[in-house]
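What's in coords14.tsv: TSV, C-alpha atoms and all ligand atoms
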chain	number	residue	atom	x	y	z
A	554	MET	CA	123.84	74.89	106.07
A	555	PRO	CA	121.58	73.44	103.32
A	556	PRO	CA	119.23	75.96	101.69
A	557	LEU	CA	115.64	76.29	102.85
A	558	LEU	CA	113.61	74.26	100.35
A	559	ILE	CA	110.47	75.95	98.99
A	560	ALA	CA	108.19	73.61	97.04
A	561	HIS	CA	105.72	75.41	94.79
A	562	GLN	CA	102.68	74.73	92.63
A	563	LEU	CA	102.84	77.92	90.57
A	564	PRO	CA	101.89	77.56	86.91
A	565	GLU	CA	104.21	79.06	84.30
A	566	ARG	CA	102.31	82.35	84.10
A	567	PHE	CA	102.91	83.10	87.79
A	568	GLN	CA	106.55	82.07	88.01
A	569	GLN	CA	107.84	85.63	87.70
A	570	LEU	CA	106.70	85.97	91.33
A	571	LEU	CA	109.60	83.70	92.24
A	572	GLU	CA	112.26	86.02	90.83
A	573	GLY	CA	114.65	87.82	93.17
A	574	LEU	CA	114.01	85.68	96.25
A	575	PRO	CA	116.44	86.18	99.13
A	576	GLY	CA	119.55	84.02	99.40
A	577	GLY	CA	119.53	80.78	101.34
A	578	VAL	CA	116.47	79.32	99.62
A	579	ALA	CA	116.05	76.72	96.91
A	580	LEU	CA	112.95	76.21	94.79
A	581	GLN	CA	111.36	72.97	93.63
A	582	ALA	CA	108.43	73.02	91.20
A	583	LEU	CA	105.85	70.31	91.91
A	584	PRO	CA	104.26	68.43	88.99
A	585	PRO	CA	100.53	69.30	88.73
A	586	ASP	CA	99.39	65.70	89.13
A	587	SER	CA	101.36	65.19	92.36
A	588	ALA	CA	101.54	68.77	93.63
A	589	TRP	CA	100.49	67.83	97.16
A	590	GLU	CA	103.17	65.16	97.61
A	591	MET	CA	105.88	67.00	99.44
A	592	PRO	CA	109.58	66.45	98.82
A	593	ALA	CA	111.09	65.14	102.06
A	594	ALA	CA	113.20	68.29	102.57
A	595	ALA	CA	110.48	70.86	101.77
A	596	GLU	CA	109.85	73.26	104.66
A	597	ILE	CA	107.75	75.80	102.76
A	598	LEU	CA	104.97	75.37	100.19
A	599	PHE	CA	103.62	78.04	97.87
A	600	ALA	CA	100.15	76.74	96.96
A	601	VAL	CA	97.60	77.81	94.37
A	602	PRO	CA	93.89	77.41	95.13
A	603	PRO	CA	92.27	74.39	93.46
A	604	ARG	CA	90.38	76.68	91.05
A	605	GLY	CA	93.41	78.74	90.09
A	606	GLY	CA	95.64	76.28	88.33
A	607	ASN	CA	95.92	72.82	86.87
A	608	VAL	CA	96.94	71.28	90.16
A	609	VAL	CA	95.18	68.05	91.02
A	610	LEU	CA	93.82	68.16	94.57
A	611	PRO	CA	93.81	64.67	96.12
A	612	ALA	CA	90.50	63.42	97.52
A	613	GLN	CA	92.22	62.65	100.81
A	614	LYS	CA	95.11	63.97	102.81
A	615	PRO	CA	98.35	62.80	101.16
A	616	PRO	CA	100.26	60.17	103.19
A	617	GLY	CA	102.73	61.79	105.56
A	618	TRP	CA	101.19	65.27	105.18
A	619	PRO	CA	102.43	67.87	106.18
A	620	GLY	CA	105.87	66.26	106.42
A	621	ARG	CA	108.51	68.84	107.32
A	622	LEU	CA	106.42	71.78	106.10
A	623	ARG	CA	106.57	74.68	108.54
A	624	TRP	CA	104.87	77.34	106.42
A	625	LEU	CA	102.31	77.28	103.59
A	626	HIS	CA	101.55	80.42	101.57
A	627	ALA	CA	98.30	80.39	99.58
A	628	LEU	CA	98.52	82.70	96.60
A	629	SER	CA	94.82	83.55	96.83
A	630	ALA	CA	93.23	86.04	99.23
A	631	GLY	CA	90.50	83.57	100.18
A	632	VAL	CA	91.42	80.20	101.68
A	633	ASP	CA	87.96	78.62	101.57
A	634	GLU	CA	88.80	76.37	98.61
A	635	PHE	CA	91.51	74.43	100.42
A	636	PRO	CA	90.47	71.29	102.34
A	637	SER	CA	90.87	71.36	106.11
A	638	TRP	CA	93.93	69.06	106.15
A	639	VAL	CA	95.91	71.80	104.40
A	640	PHE	CA	95.72	73.80	107.63
A	641	GLU	CA	97.67	71.17	109.54
A	642	VAL	CA	100.76	73.07	108.42
A	643	PRO	CA	101.78	75.07	111.50
A	644	LEU	CA	101.81	78.46	109.76
A	645	VAL	CA	99.55	79.52	106.86
A	646	THR	CA	99.59	82.87	105.09
A	647	CYS	CA	97.56	84.16	102.15
A	648	GLY	CA	97.77	86.62	99.28
A	649	ARG	CA	95.24	89.03	100.81
A	650	GLY	CA	95.59	92.57	99.45
A	651	SER	CA	97.48	91.90	96.23
A	652	ASN	CA	94.41	92.21	94.00
A	653	SER	CA	92.28	94.53	96.10
A	654	VAL	CA	92.79	97.65	93.97
A	655	ALA	CA	91.92	95.75	90.79
A	656	ILE	CA	88.78	94.35	92.43
A	657	ALA	CA	87.79	97.77	93.80
A	658	GLU	CA	88.13	99.32	90.34
A	659	PHE	CA	86.11	96.46	88.88
A	660	THR	CA	83.39	97.07	91.47
A	661	LEU	CA	83.21	100.78	90.66
A	662	ALA	CA	83.00	99.83	86.97
A	663	ALA	CA	80.06	97.54	87.81
A	664	LEU	CA	78.32	100.35	89.70
A	665	LEU	CA	78.89	102.83	86.87
A	666	ALA	CA	77.75	100.30	84.26
A	667	VAL	CA	74.38	100.12	85.99
A	668	GLU	CA	73.99	103.87	86.61
A	669	LYS	CA	75.15	104.77	83.07
A	670	ARG	CA	73.42	101.78	81.41
A	671	LEU	CA	76.60	100.45	79.87
A	672	PRO	CA	77.01	98.92	77.39
A	673	LYS	CA	73.47	99.54	76.13
A	674	ILE	CA	73.96	103.26	75.44
A	675	TRP	CA	76.74	102.61	72.93
A	676	ILE	CA	75.42	102.61	69.38
A	677	GLU	CA	76.69	101.17	66.12
A	678	SER	CA	74.58	103.00	63.50
A	679	ALA	CA	73.09	106.43	62.72
A	680	GLU	CA	69.58	105.02	63.09
A	681	ALA	CA	70.35	104.15	66.67
A	682	TRP	CA	71.09	107.83	67.49
A	683	VAL	CA	68.05	108.19	69.72
A	684	PRO	CA	68.90	109.95	72.97
A	685	ARG	CA	67.13	108.31	75.87
A	686	PRO	CA	67.98	110.40	78.93
A	687	GLY	CA	67.62	109.07	82.42
A	688	LEU	CA	71.08	107.89	83.32
A	689	GLY	CA	71.86	107.79	87.03
A	690	THR	CA	74.77	108.99	89.15
A	691	LEU	CA	76.73	107.51	92.01
A	692	GLN	CA	76.77	110.91	93.74
A	693	GLY	CA	74.46	110.75	96.76
A	694	LYS	CA	73.73	107.03	96.41
A	695	ALA	CA	74.23	104.71	99.38
A	696	LEU	CA	76.88	102.02	99.04
A	697	GLY	CA	76.46	99.05	101.37
A	698	LEU	CA	79.61	97.03	101.91
A	699	LEU	CA	79.25	93.55	103.35
A	700	GLY	CA	82.83	93.13	104.57
A	701	PHE	CA	85.26	95.92	105.22
A	702	GLY	CA	88.61	94.20	104.84
A	703	SER	CA	91.31	94.77	102.26
A	704	ILE	CA	88.86	94.85	99.32
A	705	GLY	CA	86.00	96.64	101.10
A	706	GLN	CA	88.32	99.44	102.22
A	707	LYS	CA	89.69	99.97	98.70
A	708	ILE	CA	86.15	100.11	97.33
A	709	ALA	CA	85.17	102.64	100.00
A	710	THR	CA	87.94	105.13	99.20
A	711	ARG	CA	87.03	105.04	95.52
A	712	ALA	CA	83.29	105.29	96.17
A	713	ALA	CA	83.90	108.27	98.47
A	714	ALA	CA	85.53	110.09	95.57
A	715	PHE	CA	82.24	109.68	93.68
A	716	GLY	CA	80.30	111.26	96.55
A	717	MET	CA	78.62	108.07	97.74
A	718	GLU	CA	77.34	107.57	101.28
A	719	ILE	CA	79.13	104.47	102.61
A	720	LEU	CA	77.83	101.99	105.15
A	721	ALA	CA	79.83	98.90	106.04
A	722	PHE	CA	79.04	95.69	107.91
A	723	ARG	CA	81.97	93.82	109.40
A	724	ARG	CA	82.60	91.22	112.08
A	725	THR	CA	84.52	93.43	114.50
A	726	GLY	CA	83.79	97.05	115.29
A	727	GLY	CA	86.39	99.75	115.66
A	728	THR	CA	86.45	103.33	114.54
A	729	ALA	CA	85.24	103.80	111.01
A	730	PRO	CA	87.41	105.90	108.72
A	731	SER	CA	86.09	109.31	107.75
A	732	GLY	CA	83.13	109.06	105.39
A	733	VAL	CA	82.29	105.45	106.36
A	734	HIS	CA	79.62	104.37	108.86
A	735	PHE	CA	79.81	100.92	110.45
A	736	ALA	CA	76.36	99.43	110.86
A	737	ASP	CA	74.62	96.12	111.51
A	738	LEU	CA	73.56	93.89	108.64
A	739	ASP	CA	69.90	94.95	108.62
A	740	THR	CA	70.79	98.65	108.54
A	741	VAL	CA	73.17	98.17	105.62
A	742	LEU	CA	70.67	96.03	103.72
A	743	ALA	CA	67.88	98.56	104.20
A	744	ALA	CA	69.95	101.59	103.19
A	745	ALA	CA	72.01	100.43	100.22
A	746	ASP	CA	71.29	101.47	96.65
A	747	HIS	CA	74.34	99.42	95.63
A	748	LEU	CA	75.15	96.44	97.86
A	749	VAL	CA	78.56	94.78	97.49
A	750	ILE	CA	79.51	91.39	98.91
A	751	ALA	CA	83.17	91.57	99.95
A	752	LEU	CA	83.17	88.86	102.61
A	753	PRO	CA	85.20	85.65	102.89
A	754	LEU	CA	83.28	82.41	102.48
A	755	THR	CA	83.00	80.90	105.96
A	756	PRO	CA	80.35	78.85	107.77
A	757	ALA	CA	78.95	82.18	109.04
A	758	THR	CA	78.70	83.84	105.61
A	759	ALA	CA	77.61	80.89	103.41
A	760	GLY	CA	74.11	81.73	102.17
A	761	LEU	CA	74.08	85.00	104.13
A	762	VAL	CA	72.58	86.85	101.19
A	763	GLY	CA	69.41	84.84	100.61
A	764	SER	CA	65.66	85.29	100.79
A	765	ALA	CA	65.70	86.69	104.34
A	766	ALA	CA	68.23	89.33	103.28
A	767	PHE	CA	66.33	90.16	100.09
A	768	ALA	CA	63.18	90.75	102.15
A	769	ARG	CA	65.07	93.50	103.97
A	770	VAL	CA	66.86	95.29	101.10
A	771	LYS	CA	65.79	98.59	99.61
A	772	PRO	CA	63.58	97.65	96.63
A	773	GLY	CA	65.48	97.94	93.37
A	774	VAL	CA	68.93	97.53	94.94
A	775	HIS	CA	71.90	96.70	92.72
A	776	LEU	CA	73.69	93.67	94.15
A	777	VAL	CA	77.37	93.06	93.35
A	778	ASN	CA	79.21	89.87	94.30
A	779	ILE	CA	82.99	89.92	93.90
A	780	ALA	CA	83.65	87.55	96.82
A	781	ARG	CA	82.41	83.95	96.58
A	782	GLY	CA	79.34	82.48	94.90
A	783	ARG	CA	78.25	80.44	97.91
A	784	ILE	CA	77.65	83.56	100.01
A	785	LEU	CA	74.71	84.29	97.70
A	786	ASP	CA	71.62	82.10	97.25
A	787	HIS	CA	71.15	82.21	93.47
A	788	GLU	CA	67.60	80.85	93.48
A	789	ALA	CA	66.59	83.50	96.01
A	790	LEU	CA	68.32	86.10	93.82
A	791	LEU	CA	66.32	85.03	90.78
A	792	ALA	CA	63.08	85.33	92.75
A	793	ALA	CA	64.12	88.77	94.07
A	794	LEU	CA	65.01	89.94	90.55
A	795	ASP	CA	61.65	88.75	89.23
A	796	SER	CA	59.73	90.49	92.03
A	797	GLY	CA	61.74	93.69	91.49
A	798	GLN	CA	63.10	93.59	95.04
A	799	VAL	CA	66.55	93.39	93.44
A	800	GLY	CA	66.87	95.75	90.48
A	801	PHE	CA	70.13	94.49	89.05
A	802	ALA	CA	72.85	91.97	89.89
A	803	SER	CA	76.51	92.01	88.86
A	804	LEU	CA	78.11	88.65	89.56
A	805	ASP	CA	81.83	88.06	89.17
A	806	VAL	CA	81.55	84.83	91.13
A	807	THR	CA	78.89	82.14	91.13
A	808	GLU	CA	78.24	78.71	92.60
A	809	PRO	CA	79.14	76.56	90.78
A	810	GLU	CA	81.65	78.18	88.44
A	811	PRO	CA	80.62	78.29	85.72
A	812	LEU	CA	76.86	78.09	86.22
A	813	PRO	CA	75.43	75.21	84.17
A	814	PRO	CA	74.63	75.86	80.48
A	815	GLY	CA	71.21	77.49	80.07
A	816	HIS	CA	71.07	78.83	83.64
A	817	LYS	CA	68.52	81.65	83.82
A	818	LEU	CA	71.03	84.13	85.24
A	819	TYR	CA	73.05	84.09	81.99
A	820	THR	CA	70.23	85.62	79.99
A	821	HIS	CA	68.42	87.68	82.60
A	822	GLU	CA	68.18	91.23	81.24
A	823	ARG	CA	69.10	92.71	84.63
A	824	VAL	CA	72.14	90.56	85.35
A	825	HIS	CA	75.77	91.03	84.37
A	826	ILE	CA	77.98	87.93	84.82
A	827	SER	CA	81.76	87.93	84.48
A	828	PRO	CA	83.92	84.78	84.75
A	829	HIS	CA	85.64	85.36	88.12
A	830	ILE	CA	87.94	87.95	86.59
A	831	SER	CA	87.73	90.96	88.90
A	832	TRP	CA	91.16	90.15	90.39
A	833	SER	CA	92.80	90.47	86.99
A	834	GLY	CA	95.21	93.34	86.58
A	835	GLY	CA	96.23	92.93	90.21
A	836	ASP	CA	99.59	94.10	91.39
A	837	ARG	CA	102.11	91.37	90.52
A	838	ALA	CA	104.86	93.50	92.08
A	839	ALA	CA	102.94	93.54	95.37
A	840	GLN	CA	102.48	89.76	95.22
A	841	GLY	CA	106.21	89.27	94.65
A	842	ASN	CA	107.08	91.77	97.38
A	843	LEU	CA	104.82	89.91	99.82
A	844	LEU	CA	106.56	86.60	99.08
A	845	ARG	CA	110.04	88.11	99.40
A	846	GLU	CA	109.20	89.97	102.62
A	847	ASN	CA	107.63	86.90	104.18
A	848	ILE	CA	110.62	84.74	103.29
A	849	ARG	CA	112.87	87.35	104.88
A	850	ARG	CA	110.68	87.37	108.00
A	851	PHE	CA	110.58	83.56	108.10
A	852	GLN	CA	114.36	83.35	107.92
A	853	ALA	CA	114.69	86.04	110.60
A	854	GLY	CA	112.15	84.40	112.90
A	855	GLU	CA	109.82	87.43	112.66
A	856	THR	CA	106.02	87.45	112.44
A	857	LEU	CA	104.85	86.95	108.86
A	858	LEU	CA	102.38	89.16	107.00
A	859	ASN	CA	98.83	87.95	106.19
A	860	ILE	CA	98.72	85.09	108.69
A	861	VAL	CA	95.56	82.99	108.43
A	862	PRO	CA	94.35	82.29	112.00
A	863	PRO	CA	94.37	78.61	113.04
A	864	GLY	CA	91.36	76.76	111.64
A	865	ARG	CA	91.02	79.51	108.99
A	866	GLY	CA	89.70	81.81	111.73
A	867	TYR	CA	86.27	80.14	111.68
A	901	LIG	N1	86.61	87.72	92.74
A	901	LIG	C1	87.90	87.56	92.96
A	901	LIG	O1	88.69	87.40	92.05
A	901	LIG	C2	88.41	87.62	94.39
A	901	LIG	C3	89.75	87.98	94.60
A	901	LIG	C4	90.22	88.12	95.90
A	901	LIG	C5	89.38	87.84	96.97
A	901	LIG	N2	88.11	87.44	96.73
A	901	LIG	C6	87.22	87.12	97.87
A	901	LIG	O2	87.00	88.29	98.64
A	901	LIG	C7	87.06	87.94	100.02
A	901	LIG	C8	87.38	89.17	100.83
A	901	LIG	O3	88.73	89.55	100.57
A	901	LIG	P1	89.51	90.60	101.48
A	901	LIG	O4	90.90	90.59	100.99
A	901	LIG	O5	88.77	91.88	101.59
A	901	LIG	O6	89.43	89.85	102.90
A	901	LIG	P2	89.74	90.44	104.32
A	901	LIG	O7	90.71	91.54	104.24
A	901	LIG	O8	90.05	89.27	105.19
A	901	LIG	O9	88.33	91.09	104.79
A	901	LIG	C9	87.22	90.32	105.07
A	901	LIG	C10	86.15	91.21	105.67
A	901	LIG	O10	84.99	90.41	105.92
A	901	LIG	C11	84.57	90.62	107.27
A	901	LIG	N3	83.93	89.40	107.79
A	901	LIG	C12	84.45	88.15	107.85
A	901	LIG	N4	83.54	87.31	108.38
A	901	LIG	C13	82.44	88.04	108.66
A	901	LIG	C14	81.19	87.76	109.24
A	901	LIG	N5	80.87	86.53	109.63
A	901	LIG	N6	80.30	88.78	109.39
A	901	LIG	C15	80.62	90.03	109.00
A	901	LIG	N7	81.81	90.38	108.45
A	901	LIG	C16	82.70	89.39	108.29
A	901	LIG	C17	85.82	90.95	108.03
A	901	LIG	O11	85.44	91.61	109.21
A	901	LIG	P3	86.52	92.27	110.21
A	901	LIG	O12	87.13	93.41	109.43
A	901	LIG	O13	85.69	92.74	111.33
A	901	LIG	O14	87.49	91.17	110.53
A	901	LIG	C18	86.54	91.83	107.01
A	901	LIG	O15	86.05	93.16	107.10
A	901	LIG	C19	88.12	86.83	100.06
A	901	LIG	O16	87.98	86.01	101.20
A	901	LIG	C20	87.86	86.07	98.78
A	901	LIG	O17	86.92	85.03	99.01
A	901	LIG	C21	87.59	87.33	95.47
Target format structure tokens, applied to this file:
Amino acid sequence: MPPLLIAHQLPERFQQLLEGLPGGVALQALPPDSAWEMPAAAEILFAVPPRGGNVVLPAQKPPGWPGRLRWLHALSAGVDEFPSWVFEVPLVTCGRGSNSVAIAEFTLAALLAVEKRLPKIWIESAEAWVPRPGLGTLQGKALGLLGFGSIGQKIATRAAAFGMEILAFRRTGGTAPSGVHFADLDTVLAAADHLVIALPLTPATAGLVGSAAFARVKPGVHLVNIARGRILDHEALLAALDSGQVGFASLDVTEPEPLPPGHKLYTHERVHISPHISWSGGDRAAQGNLLRENIRRFQAGETLLNIVPPGRGY
């Protein structure tokens, strides 16, 4: 029997993920400028999101798409960046979970940076040795999580260790884990001292955090976005920062990325911007394990991990 052909778009720096794959598969790297033209025999595609590599995304569906493809694995957790024709492949999975610990740690660092006024308290001369007390703590503060999936849950366990009160807004209900209260959007907005966006970008979440939401937040809230820039209305954020309704914003993602040169958010004294880097330091071993386990399941006819519902679940 011929091997199962996996076409892939992985740039050099990610190719260690392809080591130790099960037997019975063959790999074919796709050139970046034609990475969506499938080899006739390819049954599986490992795809990188348009932002994440040097792959050229065609303006239109490639002729013959999806060919013989039976399964597409997106390396990213979010699948919002892929055009809708990508989801014509019968089975789509994603990299959800692989970077969640790194992002949760990054989020706690963002919270601590605001409470402890980092990096401003670090000095570089004797003259600057002027103690200015008044640092804050996370202990007893309310953390509002918009989204309680893989990332939100990892943030919650770490925030609980700091003694935070945790409220989470999610699409479904269920029983909240110990120390977490599920609540509706308005309740979370009104209660949070630190409000973290950990939602996927979907038609329902695009622009969700805008002027109407800022009218309902606790004045002075610290807003953190580690999800997608389009969930947040940046003009409304600027107005809320200027009115004091939002006390501080930590943005790992923006819309567009990067924001244009000279954008006010770059130089706002109560804004921290990082270049979509919170995922960094993620668990490469977990990413590789996910690929290997899903190939095993695919070959065995079992249900794969991290299936994206048809139509992206919208
Ligand atoms: N900055 C980065 O580098 C980076 C890296 C990885 C991921 N991300 C972004 O983070 C997002 C979240 O990742 P994840 O792994 O935590 O995803 P996930 O496990 O799929 O969790 C998503 C959470 O959002 C909730 N949700 C979805 N639609 C909602 C809606 N309309 N209203 C309320 N809640 C809704 C879900 O609710 P239920 O639990 O009820 O289903 C779930 O709790 C990704 O989609 C991606 O865009 C960013």
Practice prompt. Write out as a VMD selection string the residues lying within 12 Å of region 562-569 of chain A, counting all atoms listed in the file and excluding same-chain residues fewer than 4 positions away.
Written response: chain A and resid 573 to 574 580 to 591 597 to 603 605 to 610 625 to 629 837 to 838 840 to 842 844
Worksheet item: So what do you get for CA of Val770 (chain A) versus atom N7 of ligand LIG 901 (chain A), distance-wise?
Response: 17.4 Å
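Restricting the calculation to all atoms listed in the file, the smallest distance between ligand LIG 901 (chain A) and any of A:Ser678, A:Ser796, A:Asn859, A:Gln852 is found for A:Asn859.
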Discussion item. Using all atoms listed in the file, can you tell me which of A:Asn847, A:Thr690, A:Gln798, A:Thr807 comes closest to ligand LIG 901 (chain A)?
Written reply: A:Thr807
Fill in: For Pro684 (chain A): contacts at 10 Å, only C-alpha atoms, fewer than 3 positions along chain excluded, given as JSON, numbers by chain
{"A": [674, 681, 687]}
Taking all atoms listed in the file into account, report as a compact mmCIF listing (two decimals) with C-alpha atoms, in the coordinates of the input which residues have an atom no farther than 8 Å from an atom of ligand LIG 901 (chain A).
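Output (out27.txt):
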# COMPACT_ATOMS: atom_id res chain seq x y z
CA SER A 629 94.82 83.55 96.83
CA ALA A 630 93.23 86.04 99.23
CA GLY A 631 90.50 83.57 100.18
CA VAL A 632 91.42 80.20 101.68
CA ASP A 633 87.96 78.62 101.57
CA ARG A 649 95.24 89.03 100.81
CA GLY A 650 95.59 92.57 99.45
CA ASN A 652 94.41 92.21 94.00
CA SER A 653 92.28 94.53 96.10
CA ILE A 656 88.78 94.35 92.43
CA LEU A 699 79.25 93.55 103.35
CA GLY A 700 82.83 93.13 104.57
CA PHE A 701 85.26 95.92 105.22
CA GLY A 702 88.61 94.20 104.84
CA SER A 703 91.31 94.77 102.26
CA ILE A 704 88.86 94.85 99.32
CA GLY A 705 86.00 96.64 101.10
CA GLN A 706 88.32 99.44 102.22
CA PHE A 722 79.04 95.69 107.91
CA ARG A 723 81.97 93.82 109.40
CA ARG A 724 82.60 91.22 112.08
CA THR A 725 84.52 93.43 114.50
CA GLY A 726 83.79 97.05 115.29
CA ALA A 751 83.17 91.57 99.95
CA LEU A 752 83.17 88.86 102.61
CA PRO A 753 85.20 85.65 102.89
CA LEU A 754 83.28 82.41 102.48
CA THR A 755 83.00 80.90 105.96
CA PRO A 756 80.35 78.85 107.77
CA ALA A 757 78.95 82.18 109.04
CA THR A 758 78.70 83.84 105.61
CA ASN A 778 79.21 89.87 94.30
CA ILE A 779 82.99 89.92 93.90
CA ALA A 780 83.65 87.55 96.82
CA ARG A 781 82.41 83.95 96.58
CA ASP A 805 81.83 88.06 89.17
CA VAL A 806 81.55 84.83 91.13
CA HIS A 829 85.64 85.36 88.12
CA ILE A 830 87.94 87.95 86.59
CA SER A 831 87.73 90.96 88.90
CA TRP A 832 91.16 90.15 90.39
CA SER A 833 92.80 90.47 86.99
Since the input is missing atoms, can you rebuild N, CA and C atoms for region 577-590 of chain A and write them as a tab-separated table (two decimals), in the coordinates of the input?
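File produced: rebuild.tsv:
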chain	number	residue	atom	x	y	z
A	577	GLY	N	119.76	81.82	100.33
A	577	GLY	CA	119.53	80.78	101.34
A	577	GLY	C	118.30	79.95	101.10
A	578	VAL	N	117.63	80.16	99.93
A	578	VAL	CA	116.47	79.32	99.62
A	578	VAL	C	116.68	78.61	98.29
A	579	ALA	N	116.07	77.46	98.18
A	579	ALA	CA	116.05	76.72	96.91
A	579	ALA	C	114.59	76.44	96.55
A	580	LEU	N	114.32	76.42	95.25
A	580	LEU	CA	112.95	76.21	94.79
A	580	LEU	C	112.81	74.83	94.15
A	581	GLN	N	111.65	74.21	94.35
A	581	GLN	CA	111.36	72.97	93.63
A	581	GLN	C	109.92	73.03	93.12
A	582	ALA	N	109.77	73.04	91.79
A	582	ALA	CA	108.43	73.02	91.20
A	582	ALA	C	107.82	71.64	91.37
A	583	LEU	N	106.53	71.59	91.72
A	583	LEU	CA	105.85	70.31	91.91
A	583	LEU	C	105.03	70.00	90.67
A	584	PRO	N	105.08	68.77	90.17
A	584	PRO	CA	104.26	68.43	88.99
A	584	PRO	C	102.78	68.55	89.33
A	585	PRO	N	101.94	69.07	88.41
A	585	PRO	CA	100.53	69.30	88.73
A	585	PRO	C	99.79	68.07	89.23
A	586	ASP	N	100.15	66.89	88.71
A	586	ASP	CA	99.39	65.70	89.13
A	586	ASP	C	99.86	65.12	90.47
A	587	SER	N	100.94	65.64	91.02
A	587	SER	CA	101.36	65.19	92.36
A	587	SER	C	101.83	66.39	93.19
A	588	ALA	N	101.10	67.50	93.04
A	588	ALA	CA	101.54	68.77	93.63
A	588	ALA	C	101.34	68.83	95.14
A	589	TRP	N	100.67	67.84	95.69
A	589	TRP	CA	100.49	67.83	97.16
A	589	TRP	C	101.34	66.74	97.82
A	590	GLU	N	102.21	66.11	97.03
A	590	GLU	CA	103.17	65.16	97.61
A	590	GLU	C	104.45	65.91	97.86
